[in-house]
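Below is one structure, written out as structure tokens; the observations come after it.
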Amino acid sequence: MLFSEIIGQQEIKKRFINTVTEQRIPHAQLLRGPEGIGKLALAVAYAQYICCENRSATDSCGVCPSCVKYKKMAHPDLHFVFPVIKPAGRQSIVCDDFITEFRKMVLDRMYFSVNQWYSEISGDAKQGLIYSNESEEIIRKLSLKTYESEYKIMIIWLPEKMHGTCANKLLKILEEPPEKTVFLLVSNEPDQIITTILSRTQQVHIPRLSETEIANALLRNEELEVEPDAAAYAAHIANGSYLNALSVLNEGDENKQNFERFRMIMRLAWNVGNKKDHASLKTLRSWSDEMAAAAMGRERQKNFLVYAQRMTRENFIRNIQLPELNYLTSTESEFSTKFSPFINERNVEDLMAEFALAERQIEQNVNAKMVFFDLVLKVIMLLKR
């Protein structure tokens, strides 16, 4: 993967290139930032540049034996760690059991979400994990001599998904890695990583993409056939994430479902609180049961709660009349025209806090029926303010 193939991030690319040309490559770096801005792609391009046999001042050559292997994501000195979902009946599992699927995902999409990855390897919406026994695989791989390149490179995608036992076993090798070993950690939620790992890495903040960069990338994407006005609109709504822009254009099924869920619970909660509509309360109870169903899965439950936090924030911004800071799709905007007055300075912070609390509780495997029904009861009260 070449730097030139990645959208924007010119300053980050220069920074990585300088570490190589100045021979000052940090042994452990954490690339942090929101989803969909190219962090994983940057890590792969950086690794390729480090190993390139004929690099230029701006990019890898793309044609040397090392680059040819990187083009297939199959260089023997490049290793990946990423969250996986353990199949039923399996006692243990490591990332290499899914390495073929992961390579294909990176090569086919370059920009993809963790949920798209989970969907690729499992259809039951479970939460992924980097399991405890992965630490043994990491240590084993890095104890070997390099096959072809000067450096061994370990890319850990989403270290926040790492089991505590695995994370703790890696502390020593992160602090004192074998010679010519580079760790590149790629995180969407660095606050979820244990502090002892954070303290052993040099953190690199990857910024959001500009609207111009996203719009231009959408127009260059031959598969989309998007008009300039539509590209500009999607780029604005994306809030710096190319992945979000693609989602806006494609109007993914999950986004539609989350919107319908949010609209429904807000309408019913208002009816219960202001009209004493007991039928709506029964419907909310049924909705809580549906959200808690096993088929829904923890990841989709959390995705809805994240979406609800975004919609709460966007409706508050719309209510205080700051349209330049709004990031709503046309469907969401139409709904918010009438709904936004109910999200105000008296309830916005508490609504955000309740949705965030429910998200944490789902992450911690609290009983989902209790979480969602308790949530809707609180929403009923807060919408009355």
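Please note that chains go A, B, ... in the order of the structure tokens, that every chain numbers its residues from 1, and that ligands are numbered from 1 in the order shown.
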field: Neighbour list for stretch 317-322 of chain A as a PyMOL selection string, cut-off 12 Å, only C-alpha atoms, skip fewer than 6 positions in-chain
entry: chain A and resi 310-311+328+332-345+348
Keeping only N, CA and C atoms, write the selected residues as a PDB file, in the first residue's frame.
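Contents of again_19.pdb, freshly written:
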```pdb
ATOM      1  N   ARG A 310     -25.264  10.657  19.205  1.00  0.00           N
ATOM      2  CA  ARG A 310     -25.020  11.588  18.096  1.00  0.00           C
ATOM      3  C   ARG A 310     -26.283  12.375  17.755  1.00  0.00           C
ATOM      4  N   MET A 311     -27.408  11.691  17.681  1.00  0.00           N
ATOM      5  CA  MET A 311     -28.654  12.368  17.329  1.00  0.00           C
ATOM      6  C   MET A 311     -29.069  13.366  18.408  1.00  0.00           C
ATOM      7  N   LEU A 328     -26.368  16.193   9.874  1.00  0.00           N
ATOM      8  CA  LEU A 328     -27.548  15.345   9.755  1.00  0.00           C
ATOM      9  C   LEU A 328     -27.791  14.995   8.290  1.00  0.00           C
ATOM     10  N   GLU A 332     -32.711  12.507   8.564  1.00  0.00           N
ATOM     11  CA  GLU A 332     -32.582  12.927   9.952  1.00  0.00           C
ATOM     12  C   GLU A 332     -32.970  14.388  10.122  1.00  0.00           C
ATOM     13  N   SER A 333     -32.566  15.213   9.165  1.00  0.00           N
ATOM     14  CA  SER A 333     -32.862  16.638   9.238  1.00  0.00           C
ATOM     15  C   SER A 333     -34.366  16.898   9.187  1.00  0.00           C
ATOM     16  N   GLU A 334     -35.058  16.156   8.359  1.00  0.00           N
ATOM     17  CA  GLU A 334     -36.517  16.314   8.261  1.00  0.00           C
ATOM     18  C   GLU A 334     -37.188  15.982   9.585  1.00  0.00           C
ATOM     19  N   PHE A 335     -36.745  14.904  10.225  1.00  0.00           N
ATOM     20  CA  PHE A 335     -37.287  14.522  11.532  1.00  0.00           C
ATOM     21  C   PHE A 335     -36.964  15.576  12.592  1.00  0.00           C
ATOM     22  N   SER A 336     -35.746  16.096  12.550  1.00  0.00           N
ATOM     23  CA  SER A 336     -35.281  17.017  13.581  1.00  0.00           C
ATOM     24  C   SER A 336     -35.949  18.385  13.511  1.00  0.00           C
ATOM     25  N   THR A 337     -36.552  18.698  12.385  1.00  0.00           N
ATOM     26  CA  THR A 337     -37.254  19.976  12.264  1.00  0.00           C
ATOM     27  C   THR A 337     -38.292  20.141  13.376  1.00  0.00           C
ATOM     28  N   LYS A 338     -39.024  19.067  13.653  1.00  0.00           N
ATOM     29  CA  LYS A 338     -40.045  19.124  14.697  1.00  0.00           C
ATOM     30  C   LYS A 338     -39.528  18.630  16.046  1.00  0.00           C
ATOM     31  N   PHE A 339     -38.543  17.727  16.022  1.00  0.00           N
ATOM     32  CA  PHE A 339     -38.108  17.115  17.278  1.00  0.00           C
ATOM     33  C   PHE A 339     -37.100  17.963  18.059  1.00  0.00           C
ATOM     34  N   SER A 340     -36.248  18.694  17.365  1.00  0.00           N
ATOM     35  CA  SER A 340     -35.133  19.386  18.027  1.00  0.00           C
ATOM     36  C   SER A 340     -35.544  20.321  19.170  1.00  0.00           C
ATOM     37  N   PRO A 341     -36.727  20.982  19.135  1.00  0.00           N
ATOM     38  CA  PRO A 341     -37.082  21.847  20.274  1.00  0.00           C
ATOM     39  C   PRO A 341     -37.173  21.118  21.609  1.00  0.00           C
ATOM     40  N   PHE A 342     -37.328  19.793  21.569  1.00  0.00           N
ATOM     41  CA  PHE A 342     -37.442  19.041  22.821  1.00  0.00           C
ATOM     42  C   PHE A 342     -36.079  18.680  23.422  1.00  0.00           C
ATOM     43  N   ILE A 343     -34.990  18.955  22.683  1.00  0.00           N
ATOM     44  CA  ILE A 343     -33.634  18.743  23.204  1.00  0.00           C
ATOM     45  C   ILE A 343     -33.055  20.121  23.503  1.00  0.00           C
ATOM     46  N   ASN A 344     -32.964  20.444  24.775  1.00  0.00           N
ATOM     47  CA  ASN A 344     -32.597  21.797  25.172  1.00  0.00           C
ATOM     48  C   ASN A 344     -31.571  21.781  26.298  1.00  0.00           C
ATOM     49  N   GLU A 345     -31.229  22.968  26.770  1.00  0.00           N
ATOM     50  CA  GLU A 345     -30.182  23.069  27.801  1.00  0.00           C
ATOM     51  C   GLU A 345     -30.604  22.430  29.121  1.00  0.00           C
ATOM     52  N   VAL A 348     -30.249  18.121  27.746  1.00  0.00           N
ATOM     53  CA  VAL A 348     -29.311  17.530  26.793  1.00  0.00           C
ATOM     54  C   VAL A 348     -28.172  16.783  27.488  1.00  0.00           C
TER      55      VAL A 348
END
```
task: Just the helix (DSSP H, G or I) stuff from stretch 101-147 of chain A, please, per backbone DSSP, written as a ChimeraX atom specification.
output: /A:101-109,114-121,134-143
For A:Glu136: contacts at 10 Å, only C-alpha atoms, fewer than 3 positions along chain excluded, given as a PDB file with N, CA and C atoms, in the first residue's frame:
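selection.pdb was written with the following content:
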```
ATOM      1  N   VAL A  94      -6.536 -17.864  17.388  1.00  0.00           N
ATOM      2  CA  VAL A  94      -5.572 -16.777  17.221  1.00  0.00           C
ATOM      3  C   VAL A  94      -5.902 -16.041  15.920  1.00  0.00           C
ATOM      4  N   SER A 132      -6.566 -13.969  24.984  1.00  0.00           N
ATOM      5  CA  SER A 132      -5.386 -13.987  25.854  1.00  0.00           C
ATOM      6  C   SER A 132      -4.216 -14.757  25.259  1.00  0.00           C
ATOM      7  N   ASN A 133      -4.498 -15.852  24.527  1.00  0.00           N
ATOM      8  CA  ASN A 133      -3.405 -16.665  23.996  1.00  0.00           C
ATOM      9  C   ASN A 133      -2.705 -16.015  22.804  1.00  0.00           C
ATOM     10  N   ILE A 139       4.764 -12.989  20.867  1.00  0.00           N
ATOM     11  CA  ILE A 139       6.127 -13.180  21.392  1.00  0.00           C
ATOM     12  C   ILE A 139       6.892 -14.189  20.546  1.00  0.00           C
ATOM     13  N   ARG A 140       6.208 -15.257  20.116  1.00  0.00           N
ATOM     14  CA  ARG A 140       6.870 -16.276  19.293  1.00  0.00           C
ATOM     15  C   ARG A 140       7.327 -15.687  17.962  1.00  0.00           C
ATOM     16  N   LYS A 141       6.448 -14.948  17.302  1.00  0.00           N
ATOM     17  CA  LYS A 141       6.786 -14.389  15.997  1.00  0.00           C
ATOM     18  C   LYS A 141       7.946 -13.401  16.086  1.00  0.00           C
ATOM     19  N   CYS A 166      -3.760 -10.810  27.859  1.00  0.00           N
ATOM     20  CA  CYS A 166      -2.905 -10.628  26.682  1.00  0.00           C
ATOM     21  C   CYS A 166      -2.157  -9.302  26.776  1.00  0.00           C
ATOM     22  N   LYS A 169       0.723  -9.362  29.300  1.00  0.00           N
ATOM     23  CA  LYS A 169       1.872 -10.171  28.882  1.00  0.00           C
ATOM     24  C   LYS A 169       2.742  -9.465  27.845  1.00  0.00           C
ATOM     25  N   LEU A 170       2.179  -8.449  27.186  1.00  0.00           N
ATOM     26  CA  LEU A 170       2.929  -7.743  26.145  1.00  0.00           C
ATOM     27  C   LEU A 170       3.747  -6.566  26.678  1.00  0.00           C
TER      28      LEU A 170
END
```
message: Residues within 12 Å of A:Gly273, please, as a PyMOL selection string. Count only C-alpha atoms; anything in the same chain fewer than 3 positions from it doesn't count.
response: chain A and resi 265-270+276-278+280-281+376-385
Store the residues picked out above, limited to C-alpha atoms, as a short mmCIF file (atom, residue, chain, number, x, y, z; two decimals), in the first residue's frame.
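Result went into selection-v3.cif, see below:
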```
data_model
loop_
_atom_site.label_atom_id
_atom_site.label_comp_id
_atom_site.auth_asym_id
_atom_site.auth_seq_id
_atom_site.Cartn_x
_atom_site.Cartn_y
_atom_site.Cartn_z
CA ILE A 265 -38.58 5.68 21.20
CA MET A 266 -38.49 9.47 21.26
CA ARG A 267 -42.05 9.72 19.91
CA LEU A 268 -43.37 7.06 22.30
CA ALA A 269 -41.46 8.48 25.29
CA TRP A 270 -42.95 11.92 24.62
CA LYS A 276 -50.05 9.61 29.82
CA ASP A 277 -50.33 7.15 26.92
CA HIS A 278 -50.13 3.71 28.56
CA SER A 280 -47.04 3.69 24.23
CA LEU A 281 -45.44 2.53 27.49
CA VAL A 376 -36.58 4.50 28.17
CA LEU A 377 -38.06 5.33 31.58
CA LYS A 378 -35.37 7.97 32.07
CA VAL A 379 -35.89 9.33 28.56
CA ILE A 380 -39.60 9.74 29.34
CA MET A 381 -38.79 11.92 32.34
CA LEU A 382 -36.08 13.92 30.61
CA LEU A 383 -38.21 14.83 27.59
CA LYS A 384 -40.69 16.50 29.97
CA ARG A 385 -38.10 19.14 30.99
#
```
Hey, which bits of stretch 168-286 of chain A sit within 10 Å of stretch 35-40 of chain A, and for each residue what's the closest pair of atoms and how far apart in Å (one decimal), counting only C-alpha atoms, rows by chain and increasing number, as a tab-separated table?
```
residue	atom	partner	partner_atom	distance
A:Leu184	CA	A:Leu40	CA	9.3
A:Leu185	CA	A:Leu40	CA	8.9
A:Val186	CA	A:Leu40	CA	6.2
A:Ser187	CA	A:Lys39	CA	8.1
A:Asn188	CA	A:Glu35	CA	5.7
A:Glu189	CA	A:Glu35	CA	9.0
A:His205	CA	A:Lys39	CA	9.7
A:Ile206	CA	A:Lys39	CA	7.0
A:Pro207	CA	A:Ile37	CA	7.7
A:Arg208	CA	A:Ile37	CA	6.1
A:Leu209	CA	A:Ile37	CA	6.4
A:Ile214	CA	A:Ile37	CA	9.6
A:Ala238	CA	A:Gly36	CA	9.5
A:Gly240	CA	A:Ile37	CA	7.1
A:Ser241	CA	A:Gly36	CA	4.8
A:Tyr242	CA	A:Gly36	CA	5.4
A:Leu243	CA	A:Gly36	CA	4.5
A:Asn244	CA	A:Gly36	CA	6.9
A:Ala245	CA	A:Gly36	CA	9.1
A:Leu246	CA	A:Gly36	CA	9.7
```
Go ahead and save the picked residues with N, CA and C atoms, as a PDB file, in the first residue's frame.
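What landed in out.pdb:
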```pdb
ATOM      1  N   LEU A 184       3.148  -1.039  15.621  1.00  0.00           N
ATOM      2  CA  LEU A 184       2.240   0.015  15.200  1.00  0.00           C
ATOM      3  C   LEU A 184       0.843  -0.350  15.696  1.00  0.00           C
ATOM      4  N   LEU A 185       0.391   0.337  16.729  1.00  0.00           N
ATOM      5  CA  LEU A 185      -0.930   0.106  17.289  1.00  0.00           C
ATOM      6  C   LEU A 185      -1.906   1.110  16.663  1.00  0.00           C
ATOM      7  N   VAL A 186      -3.065   0.635  16.266  1.00  0.00           N
ATOM      8  CA  VAL A 186      -4.047   1.470  15.571  1.00  0.00           C
ATOM      9  C   VAL A 186      -5.344   1.439  16.369  1.00  0.00           C
ATOM     10  N   SER A 187      -5.726   2.594  16.934  1.00  0.00           N
ATOM     11  CA  SER A 187      -6.841   2.600  17.877  1.00  0.00           C
ATOM     12  C   SER A 187      -7.909   3.625  17.534  1.00  0.00           C
ATOM     13  N   ASN A 188      -9.178   3.197  17.658  1.00  0.00           N
ATOM     14  CA  ASN A 188     -10.316   4.117  17.564  1.00  0.00           C
ATOM     15  C   ASN A 188     -10.662   4.705  18.922  1.00  0.00           C
ATOM     16  N   GLU A 189     -10.387   3.951  19.984  1.00  0.00           N
ATOM     17  CA  GLU A 189     -10.749   4.362  21.338  1.00  0.00           C
ATOM     18  C   GLU A 189      -9.571   4.168  22.288  1.00  0.00           C
ATOM     19  N   HIS A 205      -1.469  11.431  16.928  1.00  0.00           N
ATOM     20  CA  HIS A 205      -2.865  11.790  16.697  1.00  0.00           C
ATOM     21  C   HIS A 205      -3.114  11.947  15.200  1.00  0.00           C
ATOM     22  N   ILE A 206      -4.021  11.136  14.657  1.00  0.00           N
ATOM     23  CA  ILE A 206      -4.373  11.219  13.237  1.00  0.00           C
ATOM     24  C   ILE A 206      -5.629  12.087  13.121  1.00  0.00           C
ATOM     25  N   PRO A 207      -5.534  13.237  12.449  1.00  0.00           N
ATOM     26  CA  PRO A 207      -6.674  14.168  12.418  1.00  0.00           C
ATOM     27  C   PRO A 207      -7.789  13.709  11.482  1.00  0.00           C
ATOM     28  N   ARG A 208      -8.940  14.310  11.664  1.00  0.00           N
ATOM     29  CA  ARG A 208     -10.051  14.080  10.746  1.00  0.00           C
ATOM     30  C   ARG A 208      -9.706  14.653   9.374  1.00  0.00           C
ATOM     31  N   LEU A 209     -10.309  14.093   8.345  1.00  0.00           N
ATOM     32  CA  LEU A 209     -10.096  14.579   6.984  1.00  0.00           C
ATOM     33  C   LEU A 209     -10.914  15.847   6.757  1.00  0.00           C
ATOM     34  N   ILE A 214     -12.408  14.673   1.453  1.00  0.00           N
ATOM     35  CA  ILE A 214     -13.411  13.609   1.342  1.00  0.00           C
ATOM     36  C   ILE A 214     -14.198  13.736   0.045  1.00  0.00           C
ATOM     37  N   ALA A 238     -20.163  13.801   6.938  1.00  0.00           N
ATOM     38  CA  ALA A 238     -19.226  12.771   7.407  1.00  0.00           C
ATOM     39  C   ALA A 238     -18.429  13.183   8.626  1.00  0.00           C
ATOM     40  N   GLY A 240     -15.476  14.461   8.930  1.00  0.00           N
ATOM     41  CA  GLY A 240     -14.065  14.091   8.875  1.00  0.00           C
ATOM     42  C   GLY A 240     -13.755  12.637   8.634  1.00  0.00           C
ATOM     43  N   SER A 241     -14.772  11.801   8.451  1.00  0.00           N
ATOM     44  CA  SER A 241     -14.563  10.365   8.255  1.00  0.00           C
ATOM     45  C   SER A 241     -14.999   9.953   6.849  1.00  0.00           C
ATOM     46  N   TYR A 242     -14.074   9.423   6.068  1.00  0.00           N
ATOM     47  CA  TYR A 242     -14.414   8.943   4.727  1.00  0.00           C
ATOM     48  C   TYR A 242     -15.413   7.796   4.817  1.00  0.00           C
ATOM     49  N   LEU A 243     -15.279   6.993   5.834  1.00  0.00           N
ATOM     50  CA  LEU A 243     -16.201   5.865   6.022  1.00  0.00           C
ATOM     51  C   LEU A 243     -17.625   6.368   6.261  1.00  0.00           C
ATOM     52  N   ASN A 244     -17.750   7.438   7.043  1.00  0.00           N
ATOM     53  CA  ASN A 244     -19.078   8.020   7.263  1.00  0.00           C
ATOM     54  C   ASN A 244     -19.664   8.557   5.960  1.00  0.00           C
ATOM     55  N   ALA A 245     -18.813   9.158   5.130  1.00  0.00           N
ATOM     56  CA  ALA A 245     -19.290   9.693   3.854  1.00  0.00           C
ATOM     57  C   ALA A 245     -19.833   8.575   2.973  1.00  0.00           C
ATOM     58  N   LEU A 246     -19.139   7.459   2.938  1.00  0.00           N
ATOM     59  CA  LEU A 246     -19.627   6.319   2.160  1.00  0.00           C
ATOM     60  C   LEU A 246     -20.962   5.822   2.707  1.00  0.00           C
TER      61      LEU A 246
END
```
message: So that I can check the surroundings of A:Ile237, please list as a ChimeraX atom specification every protein, DNA and RNA residue that reaches within 9 Å of it, counting only C-alpha atoms and ignoring chain neighbours fewer than 2 positions away.
response: /A:211,232-235,239-240,244-245,248,326-329
Writer output for current selection, N, CA and C atoms, as a tab-separated table (two decimals), in the first residue's frame:
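The result, stored in again10.tsv:
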```tsv
chain	number	residue	atom	x	y	z
A	211	GLU	N	-13.36	18.39	4.53
A	211	GLU	CA	-14.48	18.15	3.63
A	211	GLU	C	-14.03	18.09	2.17
A	232	ALA	N	-20.25	16.72	-2.02
A	232	ALA	CA	-20.03	17.82	-1.07
A	232	ALA	C	-20.93	17.65	0.15
A	233	TYR	N	-22.17	17.25	-0.07
A	233	TYR	CA	-23.12	17.05	1.04
A	233	TYR	C	-22.65	15.91	1.94
A	234	ALA	N	-22.27	14.78	1.33
A	234	ALA	CA	-21.81	13.63	2.12
A	234	ALA	C	-20.55	13.97	2.88
A	235	ALA	N	-19.65	14.74	2.28
A	235	ALA	CA	-18.40	15.13	2.93
A	235	ALA	C	-18.67	15.98	4.16
A	239	ASN	N	-18.31	14.47	8.89
A	239	ASN	CA	-17.57	14.95	10.05
A	239	ASN	C	-16.14	14.39	10.09
A	240	GLY	N	-15.48	14.46	8.93
A	240	GLY	CA	-14.07	14.09	8.87
A	240	GLY	C	-13.76	12.64	8.63
A	244	ASN	N	-17.75	7.44	7.04
A	244	ASN	CA	-19.08	8.02	7.26
A	244	ASN	C	-19.66	8.56	5.96
A	245	ALA	N	-18.81	9.16	5.13
A	245	ALA	CA	-19.29	9.69	3.85
A	245	ALA	C	-19.83	8.57	2.97
A	248	VAL	N	-23.21	7.61	4.27
A	248	VAL	CA	-24.25	8.57	3.90
A	248	VAL	C	-24.73	8.31	2.47
A	326	ASN	N	-24.06	21.37	12.17
A	326	ASN	CA	-24.94	20.20	12.10
A	326	ASN	C	-24.44	19.18	11.08
A	327	TYR	N	-24.56	17.91	11.45
A	327	TYR	CA	-24.14	16.82	10.57
A	327	TYR	C	-25.27	15.79	10.50
A	328	LEU	N	-26.37	16.19	9.87
A	328	LEU	CA	-27.55	15.34	9.76
A	328	LEU	C	-27.79	15.00	8.29
A	329	THR	N	-28.22	13.76	8.06
A	329	THR	CA	-28.64	13.40	6.71
A	329	THR	C	-29.97	14.08	6.42
```
